[in-house]
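So this block is data-v5.cif, mmCIF, C-alpha atoms:
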```cif
data_structure
loop_
_atom_site.label_atom_id
_atom_site.label_comp_id
_atom_site.auth_asym_id
_atom_site.auth_seq_id
_atom_site.Cartn_x
_atom_site.Cartn_y
_atom_site.Cartn_z
CA MET A 1 0.00 0.00 0.00
CA HIS A 2 1.26 3.50 -0.81
CA PRO A 3 2.35 5.44 2.31
CA ASP A 4 -0.11 8.25 1.56
CA ALA A 5 -2.96 5.77 1.22
CA LEU A 6 -1.91 4.12 4.48
CA SER A 7 -1.96 7.51 6.23
CA LEU A 8 -5.39 8.38 4.83
CA ASP A 9 -6.73 4.98 5.87
CA SER A 10 -5.43 5.53 9.42
CA ILE A 11 -7.17 8.92 9.59
CA SER A 12 -10.31 7.32 8.15
CA LEU A 13 -10.28 4.65 10.86
CA LEU A 14 -9.84 7.33 13.55
CA LEU A 15 -12.81 9.26 12.16
CA ILE A 16 -14.92 6.09 12.07
CA TRP A 17 -14.12 5.31 15.71
CA THR A 18 -14.97 8.91 16.62
CA ALA A 19 -18.30 8.51 14.83
CA ILE A 20 -18.96 5.30 16.77
CA VAL A 21 -18.36 7.09 20.08
CA ILE A 22 -20.68 9.93 19.07
CA TYR A 23 -23.34 7.46 17.93
CA ALA A 24 -23.04 5.72 21.31
CA LEU A 25 -23.66 9.07 23.04
CA ALA A 26 -26.66 9.65 20.76
CA PHE A 27 -27.95 6.19 21.69
CA MET A 28 -27.79 7.11 25.39
CA ALA A 29 -29.51 10.45 24.74
CA TYR A 30 -32.32 8.69 22.89
CA GLY A 31 -32.56 6.25 25.80
CA PHE A 32 -33.02 9.15 28.22
CA ASP A 33 -35.63 10.51 25.83
CA LEU A 34 -37.63 7.29 26.16
CA ALA A 35 -37.33 7.54 29.96
CA LYS A 36 -38.63 11.11 29.80
CA ARG A 37 -41.53 9.92 27.67
CA SER A 38 -42.38 7.42 30.41
CA GLN A 39 -42.42 10.26 32.94
CA LEU A 40 -44.60 12.29 30.60
CA SER A 41 -47.07 9.42 30.30
CA LEU A 42 -47.30 9.20 34.10
CA GLU A 43 -47.93 12.94 34.40
CA ARG A 44 -50.67 12.76 31.79
CA GLN A 45 -52.25 9.82 33.59
CA ASP A 46 -52.19 11.68 36.93
CA ALA A 47 -53.61 14.80 35.26
CA ALA A 48 -56.44 12.79 33.72
CA ARG A 49 -57.31 11.29 37.10
CA GLU A 50 -57.24 14.73 38.72
CA LEU A 51 -59.54 16.16 36.05
CA ALA A 52 -61.92 13.26 36.51
CA ARG A 53 -61.91 13.73 40.31
CA VAL A 54 -62.46 17.48 40.11
CA GLY A 55 -65.10 17.04 37.45
CA SER A 56 -67.07 14.56 39.54
CA GLY A 57 -66.83 16.82 42.57
CA SER A 58 -67.99 19.90 40.71
CA ALA A 59 -70.95 18.00 39.30
CA SER A 60 -72.43 17.53 42.79
CA SER A 61 -71.72 20.99 44.15
CA SER A 62 -70.72 24.45 42.96
CA THR A 63 -69.43 27.55 44.71
CA VAL A 64 -71.16 30.91 44.26
CA VAL A 65 -68.72 33.76 43.88
CA ASP A 66 -69.84 37.35 43.19
CA GLY A 67 -73.38 36.18 42.59
CA GLY A 68 -72.55 33.49 39.99
CA PRO A 69 -71.55 29.81 40.05
CA GLN A 70 -67.91 29.04 39.41
CA GLN A 71 -66.84 25.52 38.49
CA PRO A 72 -63.44 24.47 39.83
CA ALA A 73 -61.05 23.17 37.23
CA ALA A 74 -57.66 21.53 37.26
CA ALA A 75 -55.03 22.76 34.88
CA ALA A 76 -53.33 20.13 32.81
CA PRO A 77 -49.59 19.97 33.35
CA GLU A 78 -47.48 21.72 30.76
CA LYS A 79 -46.01 19.31 28.27
CA PRO A 80 -42.32 19.01 29.06
CA ARG A 81 -39.85 19.58 26.27
CA LEU A 82 -38.23 16.36 25.15
CA VAL A 83 -34.77 17.92 25.07
CA MET A 84 -32.87 14.64 25.11
CA GLY A 85 -34.51 13.60 21.85
CA ARG A 86 -33.22 16.77 20.21
CA ILE A 87 -29.77 16.19 21.69
CA GLY A 88 -29.81 12.63 20.39
CA THR A 89 -30.67 13.85 16.89
CA SER A 90 -27.97 16.54 17.01
CA LEU A 91 -25.39 13.97 18.09
CA THR A 92 -26.55 11.66 15.31
CA VAL A 93 -26.00 14.43 12.76
CA LEU A 94 -22.52 15.10 14.19
CA GLY A 95 -21.68 11.38 14.14
CA PHE A 96 -22.93 11.19 10.56
CA LEU A 97 -20.55 13.96 9.50
CA PHE A 98 -17.56 12.15 11.03
CA HIS A 99 -18.85 8.91 9.51
CA LEU A 100 -19.11 10.54 6.07
CA ALA A 101 -15.62 12.02 6.33
CA GLY A 102 -14.13 8.65 7.30
CA THR A 103 -15.92 6.92 4.42
CA VAL A 104 -14.78 9.52 1.89
CA LEU A 105 -11.16 9.27 3.08
CA ARG A 106 -11.26 5.48 2.79
CA GLY A 107 -12.54 5.87 -0.77
CA ILE A 108 -9.80 8.38 -1.64
CA ALA A 109 -7.15 6.11 -0.13
CA ALA A 110 -8.47 3.10 -2.07
CA GLY A 111 -9.04 5.06 -5.27
CA ARG A 112 -12.51 3.55 -5.63
CA VAL A 113 -15.91 3.36 -4.01
CA PRO A 114 -15.31 1.84 -0.54
CA TRP A 115 -17.52 -1.24 -0.45
CA SER A 116 -15.48 -4.13 -1.78
CA ASN A 117 -15.28 -6.09 1.50
CA MET A 118 -17.33 -6.55 4.64
CA TYR A 119 -15.62 -3.74 6.55
CA GLU A 120 -16.18 -1.23 3.77
CA PHE A 121 -19.72 -2.40 3.09
CA ALA A 122 -20.58 -2.00 6.79
CA MET A 123 -19.05 1.46 6.77
CA THR A 124 -20.98 2.69 3.72
CA GLY A 125 -24.12 0.68 4.45
CA THR A 126 -24.53 2.11 7.95
CA LEU A 127 -23.79 5.57 6.52
CA LEU A 128 -26.81 5.20 4.23
CA ILE A 129 -28.95 3.83 7.08
CA THR A 130 -28.15 6.94 9.13
CA ALA A 131 -28.76 9.21 6.14
CA VAL A 132 -32.17 7.66 5.47
CA TYR A 133 -33.13 7.94 9.16
CA LEU A 134 -32.15 11.61 9.30
CA GLY A 135 -33.92 12.26 6.00
CA VAL A 136 -37.13 10.64 7.28
CA LEU A 137 -37.00 12.91 10.34
CA LEU A 138 -37.50 15.86 7.99
CA TRP A 139 -40.79 14.26 6.89
CA ARG A 140 -42.05 12.93 10.20
CA ASP A 141 -40.94 12.99 13.82
CA LEU A 142 -39.72 9.44 14.41
CA ARG A 143 -37.18 10.24 17.08
CA PHE A 144 -38.72 7.51 19.21
CA LEU A 145 -36.97 5.14 16.76
CA GLY A 146 -33.62 6.79 17.43
CA THR A 147 -32.56 4.27 20.08
CA PHE A 148 -33.03 1.39 17.67
CA MET A 149 -31.65 3.02 14.52
CA VAL A 150 -28.55 4.54 16.14
CA GLY A 151 -28.03 1.42 18.25
CA LEU A 152 -28.10 -0.76 15.12
CA VAL A 153 -25.59 1.48 13.34
CA THR A 154 -23.30 1.55 16.39
CA VAL A 155 -23.28 -2.23 16.76
CA LEU A 156 -22.74 -2.92 13.05
CA MET A 157 -20.00 -0.29 12.72
CA GLY A 158 -18.28 -1.34 15.93
CA GLY A 159 -18.34 -5.00 14.97
CA ALA A 160 -17.05 -4.35 11.46
CA THR A 161 -14.31 -2.00 12.66
CA LEU A 162 -12.96 -4.72 14.92
CA PHE A 163 -12.32 -6.66 11.70
CA HIS A 164 -10.73 -3.74 9.86
CA VAL A 165 -8.80 -4.85 6.79
CA ASP A 166 -6.16 -3.02 4.82
CA ILE A 167 -6.87 -1.66 1.38
CA VAL A 168 -6.35 -4.26 -1.31
CA PRO A 169 -6.91 -4.20 -5.08
CA LEU A 170 -10.36 -5.16 -6.31
CA MET A 171 -10.94 -8.74 -7.39
CA ASP A 172 -11.70 -9.06 -11.08
CA PRO A 173 -15.45 -9.79 -10.69
CA LEU A 174 -15.80 -6.57 -8.66
CA LYS A 175 -14.36 -4.34 -11.37
CA SER A 176 -17.75 -3.33 -12.72
CA ILE A 177 -20.12 -0.38 -12.57
CA TRP A 178 -22.69 -2.86 -11.31
CA LEU A 179 -20.77 -3.07 -8.04
CA ILE A 180 -21.75 0.54 -7.34
CA VAL A 181 -25.36 0.10 -8.47
CA HIS A 182 -25.95 -3.26 -6.80
CA VAL A 183 -24.42 -2.45 -3.40
CA PHE A 184 -25.82 1.09 -3.24
CA VAL A 185 -29.38 -0.06 -3.88
CA ALA A 186 -29.00 -2.99 -1.47
CA SER A 187 -27.86 -0.55 1.24
CA LEU A 188 -30.84 1.74 0.60
CA ALA A 189 -33.18 -1.23 0.79
CA THR A 190 -31.63 -2.30 4.10
CA ALA A 191 -32.10 1.21 5.52
CA PHE A 192 -35.83 1.30 4.78
CA LEU A 193 -36.34 -2.29 5.92
CA ALA A 194 -34.57 -1.40 9.19
CA LEU A 195 -37.09 1.41 9.75
CA ALA A 196 -39.93 -1.03 9.05
CA PHE A 197 -38.41 -3.52 11.49
CA GLY A 198 -38.12 -0.97 14.30
CA LEU A 199 -41.71 0.17 13.77
CA SER A 200 -42.93 -3.44 13.75
CA VAL A 201 -41.25 -4.14 17.09
CA LEU A 202 -42.88 -1.04 18.57
CA GLN A 203 -46.18 -2.09 17.01
CA LEU A 204 -46.10 -5.38 18.93
CA LEU A 205 -45.29 -3.59 22.19
CA GLN A 206 -47.97 -0.97 21.59
CA ALA A 207 -50.60 -3.59 20.73
CA ARG A 208 -49.80 -5.41 23.97
CA ARG A 209 -50.13 -2.18 25.96
CA GLU A 210 -53.43 -1.34 24.28
CA ARG A 211 -54.85 -4.77 25.13
CA ARG A 212 -53.82 -4.32 28.76
CA ALA A 213 -55.31 -0.82 28.79
CA VAL A 214 -58.70 -2.27 27.88
CA ALA A 215 -58.47 -4.73 30.76
CA GLY A 216 -57.41 -2.20 33.37
CA ALA A 217 -55.41 0.93 34.17
CA PRO A 218 -52.24 1.05 32.06
CA LYS A 219 -48.88 1.37 33.73
CA ARG A 220 -46.39 4.11 33.05
CA SER A 221 -44.80 3.55 29.65
CA PHE A 222 -43.17 5.62 26.93
CA LEU A 223 -45.52 3.79 24.56
CA ARG A 224 -48.36 6.04 25.76
CA THR A 225 -46.65 8.95 23.96
CA LEU A 226 -46.30 7.07 20.65
CA PRO A 227 -48.79 6.56 17.81
CA SER A 228 -51.27 3.71 18.04
CA ALA A 229 -50.35 0.17 17.01
CA GLU A 230 -52.42 0.61 13.84
CA ALA A 231 -50.58 3.81 12.91
CA LEU A 232 -47.19 2.18 13.57
CA GLU A 233 -48.19 -0.75 11.38
CA GLY A 234 -49.16 1.61 8.56
CA LEU A 235 -45.80 3.36 8.71
CA ALA A 236 -43.92 0.05 8.81
CA TYR A 237 -45.84 -1.12 5.75
CA ARG A 238 -44.93 2.03 3.79
CA PHE A 239 -41.23 1.70 4.56
CA ALA A 240 -41.31 -2.04 3.81
CA ILE A 241 -42.78 -1.37 0.37
CA ILE A 242 -40.02 1.15 -0.42
CA GLY A 243 -37.39 -1.28 0.85
CA PHE A 244 -38.94 -4.12 -1.17
CA ILE A 245 -38.79 -2.06 -4.36
CA PHE A 246 -35.09 -1.36 -3.79
CA TRP A 247 -34.46 -5.01 -2.91
CA THR A 248 -36.15 -6.10 -6.13
CA PHE A 249 -33.81 -3.85 -8.09
CA THR A 250 -30.94 -5.32 -6.06
CA LEU A 251 -31.85 -8.75 -7.40
CA ILE A 252 -32.12 -7.45 -10.96
CA ALA A 253 -28.81 -5.57 -10.80
CA GLY A 254 -27.13 -8.58 -9.19
CA SER A 255 -28.34 -10.85 -12.00
CA ILE A 256 -27.01 -8.50 -14.67
CA TRP A 257 -23.70 -8.25 -12.80
CA ALA A 258 -23.53 -12.07 -12.50
CA GLN A 259 -24.02 -12.41 -16.27
CA ASP A 260 -21.22 -9.90 -16.86
CA ALA A 261 -18.84 -11.52 -14.33
CA TRP A 262 -19.61 -15.25 -14.54
CA GLY A 263 -21.59 -15.68 -17.74
CA ARG A 264 -24.92 -16.60 -16.13
CA TYR A 265 -27.80 -14.63 -14.59
CA TRP A 266 -28.53 -16.96 -11.73
CA GLY A 267 -26.78 -19.68 -9.80
CA PHE A 268 -27.42 -21.32 -6.50
CA ASP A 269 -24.64 -19.47 -4.72
CA THR A 270 -25.42 -19.03 -1.00
CA LYS A 271 -25.58 -15.24 -1.19
CA GLU A 272 -27.88 -15.32 -4.19
CA VAL A 273 -30.18 -17.84 -2.53
CA TRP A 274 -30.47 -15.79 0.66
CA THR A 275 -31.08 -12.60 -1.29
CA PHE A 276 -33.97 -14.36 -3.04
CA ILE A 277 -35.29 -15.76 0.26
CA ILE A 278 -35.41 -12.23 1.65
CA TRP A 279 -37.28 -11.06 -1.46
CA VAL A 280 -39.82 -13.87 -1.02
CA LEU A 281 -40.33 -13.05 2.67
CA TYR A 282 -41.11 -9.40 1.98
CA ALA A 283 -43.19 -10.23 -1.08
CA GLY A 284 -45.22 -12.56 1.13
CA TYR A 285 -45.52 -9.87 3.81
CA ILE A 286 -46.79 -7.25 1.37
CA HIS A 287 -49.12 -9.68 -0.42
CA ALA A 288 -50.55 -11.15 2.80
CA ARG A 289 -51.26 -7.74 4.29
CA ALA A 290 -52.74 -6.30 1.10
CA THR A 291 -54.91 -9.22 -0.05
CA ARG A 292 -55.29 -11.69 2.81
CA GLY A 293 -55.98 -9.24 5.59
CA TRP A 294 -52.92 -10.22 7.60
CA ARG A 295 -52.81 -7.23 9.89
CA GLY A 296 -51.76 -6.70 13.44
CA THR A 297 -49.45 -9.20 15.13
CA ARG A 298 -49.03 -11.54 12.16
CA SER A 299 -48.08 -8.66 9.89
CA ALA A 300 -45.51 -7.37 12.39
CA TRP A 301 -43.87 -10.77 12.81
CA LEU A 302 -43.48 -11.17 9.04
CA SER A 303 -41.68 -7.83 8.90
CA ILE A 304 -39.42 -8.83 11.80
CA VAL A 305 -38.55 -12.22 10.32
CA GLY A 306 -37.70 -10.54 7.00
CA PHE A 307 -35.22 -8.14 8.59
CA VAL A 308 -33.63 -10.90 10.69
CA ALA A 309 -32.98 -12.66 7.38
CA VAL A 310 -31.35 -9.45 6.05
CA ILE A 311 -28.99 -9.27 9.05
CA PHE A 312 -28.25 -13.01 8.76
CA ASN A 313 -27.39 -12.52 5.08
CA PHE A 314 -25.06 -9.63 5.89
CA THR A 315 -23.26 -11.25 8.84
CA ILE A 316 -23.40 -15.04 9.04
CA VAL A 317 -23.56 -15.71 5.29
CA ASN A 318 -20.68 -13.29 4.62
CA MET A 319 -18.44 -14.71 7.32
CA TYR A 320 -19.11 -18.45 7.41
CA PHE A 321 -20.48 -19.54 4.03
CA GLU A 322 -18.24 -20.13 1.04
CA GLY A 323 -19.22 -19.12 -2.45
CA LEU A 324 -18.64 -16.74 -5.32
CA HIS A 325 -19.64 -13.83 -3.07
CA ALA A 326 -16.95 -14.47 -0.47
CA TYR A 327 -15.72 -10.90 -0.34
CA SER A 328 -15.72 -10.39 3.43
CA GLY A 329 -11.94 -9.90 3.46
CA LEU A 330 -11.66 -11.74 6.77
CA SER A 331 -9.83 -14.79 5.47
#
```

Translate this structure into structure tokens?
Amino acid sequence: MHPDALSLDSISLLLIWTAIVIYALAFMAYGFDLAKRSQLSLERQDAARELARVGSGSASSSTVVDGGPQQPAAAAPEKPRLVMGRIGTSLTVLGFLFHLAGTVLRGIAAGRVPWSNMYEFAMTGTLLITAVYLGVLLWRDLRFLGTFMVGLVTVLMGGATLFHVDIVPLMDPLKSIWLIVHVFVASLATAFLALAFGLSVLQLLQARRERRAVAGAPKRSFLRTLPSAEALEGLAYRFAIIGFIFWTFTLIAGSIWAQDAWGRYWGFDTKEVWTFIIWVLYAGYIHARATRGWRGTRSAWLSIVGFVAVIFNFTIVNMYFEGLHAYSGLS
């Protein structure tokens, strides 16, 4: 490796570790935000009970002041500002900037797009996950997903960085424009499917809380400040559809690339098989929810199983299965 490239790669690794630390701080801030939401839910519950008590008391008696009846009323507590959520988002943006700088430096040092091995793919893939999450925040306030999204990025980046590999020349099959198209679209798909996964997990928790609320008084929970289970399911479905569209194009681009590199569009290579399995899982999820009425818990579990398959494909398949797609760089 050229000394200048080695120096740039060292700076890139330092920036990536700095981003990981900042993401970890953002994760903690989002965690405190969820704790504050729990406190907020308790205050709202106490305020509702106080209003009900005062209302029942004023219904049986009233006080005459200056010749007219005056009904006592209880003021609802002022909604506290969820400052930690804003801090978490600000730290996520800062971590993203360090993350972007480290990725760009790795690319400059390598003289190519940095996603030819597992370390580089994790670096650029998590960058796109963070970018999509921050972009979605401009459309809708989903900071309650921050703990999951930032936590996922931190774990994936931290794990991949532990297996940092030096810059090496591209293998012949990777010297194609389809590398950029295929991997970029796959990363975008993963980002949207991750959002759908996080929303599906919250949907299950929210549905459980709503069932308990019907049976009796609900306990303090940050879930009381989130949208309903039905609304969370609708959001998860939207993101899953976007992710599925990108994943479909991933399959198409991969087939074209396989024809260019190996002279065939499809083989039963482990990576190809798992990519198709993931496509089938999400196709089944979308079809079942749209035409078979699979809503609620069953719909959420299909979304969760699909994303677990995505993570399995990225980690276990890359590291432990042999095949034409063995580009992890760990051996």

Contacts of region 129-143 of chain A at 9 Å (only C-alpha atoms; same-chain gap of 5+ positions) as a ChimeraX atom specification
/A:30,33,85-86,88-89,92-93,96,124,149-150,153,187-188,190-192,194-195

Write the residues of the selection above to a file with C-alpha atoms, as a CSV table (one decimal), in the frame of the given file.
```csv
chain,number,residue,atom,x,y,z
A,30,TYR,CA,-32.3,8.7,22.9
A,33,ASP,CA,-35.6,10.5,25.8
A,85,GLY,CA,-34.5,13.6,21.8
A,86,ARG,CA,-33.2,16.8,20.2
A,88,GLY,CA,-29.8,12.6,20.4
A,89,THR,CA,-30.7,13.8,16.9
A,92,THR,CA,-26.6,11.7,15.3
A,93,VAL,CA,-26.0,14.4,12.8
A,96,PHE,CA,-22.9,11.2,10.6
A,124,THR,CA,-21.0,2.7,3.7
A,149,MET,CA,-31.6,3.0,14.5
A,150,VAL,CA,-28.6,4.5,16.1
A,153,VAL,CA,-25.6,1.5,13.3
A,187,SER,CA,-27.9,-0.6,1.2
A,188,LEU,CA,-30.8,1.7,0.6
A,190,THR,CA,-31.6,-2.3,4.1
A,191,ALA,CA,-32.1,1.2,5.5
A,192,PHE,CA,-35.8,1.3,4.8
A,194,ALA,CA,-34.6,-1.4,9.2
A,195,LEU,CA,-37.1,1.4,9.8
```

Residue neighbourhood Trp178 (chain A), 9 Å, only C-alpha atoms, exclusion window fewer than 6 positions, as an mmCIF file with C-alpha atoms, in the coordinates of the input:
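Written file, selection-v4.cif:
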```
data_model
loop_
_atom_site.group_PDB
_atom_site.id
_atom_site.type_symbol
_atom_site.label_atom_id
_atom_site.label_comp_id
_atom_site.auth_asym_id
_atom_site.auth_seq_id
_atom_site.Cartn_x
_atom_site.Cartn_y
_atom_site.Cartn_z
ATOM 1 C CA ALA A 253 -28.810 -5.570 -10.800
ATOM 2 C CA GLY A 254 -27.130 -8.580 -9.190
ATOM 3 C CA ILE A 256 -27.010 -8.500 -14.670
ATOM 4 C CA TRP A 257 -23.700 -8.250 -12.800
#
```

Box dimensions and centre (Å, one decimal) enclosing region 162-166 of chain A, axis-aligned, 3 Å extra per side, as AutoDock Vina command-line options:
```
--center_x -9.6 --center_y -4.8 --center_z 9.9 --size_x 12.8 --size_y 9.6 --size_z 16.1
```

Counting all atoms listed in the file, the residue of A:His164, A:Lys175, A:Arg37, A:Arg112 that sits nearest Asp260 (chain A)
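Between A:His164, A:Lys175, A:Arg37, A:Arg112, the residue approaching Asp260 (chain A) most closely is A:Lys175.
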
Rank nothing, just name the residue among A:Tyr320, A:Trp301, A:Trp279, A:Trp274 nearest to Val201 (chain A), using all atoms listed in the file.
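Smallest distance to Val201 (chain A) is found for A:Trp301.
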
Nearest residue to Arg208 (chain A) from the set A:Thr297, A:Leu14, A:Ala258, A:Ile167 (distances using all atoms listed in the file)
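Looking at the shortest contact to Arg208 (chain A), the residue is A:Thr297.
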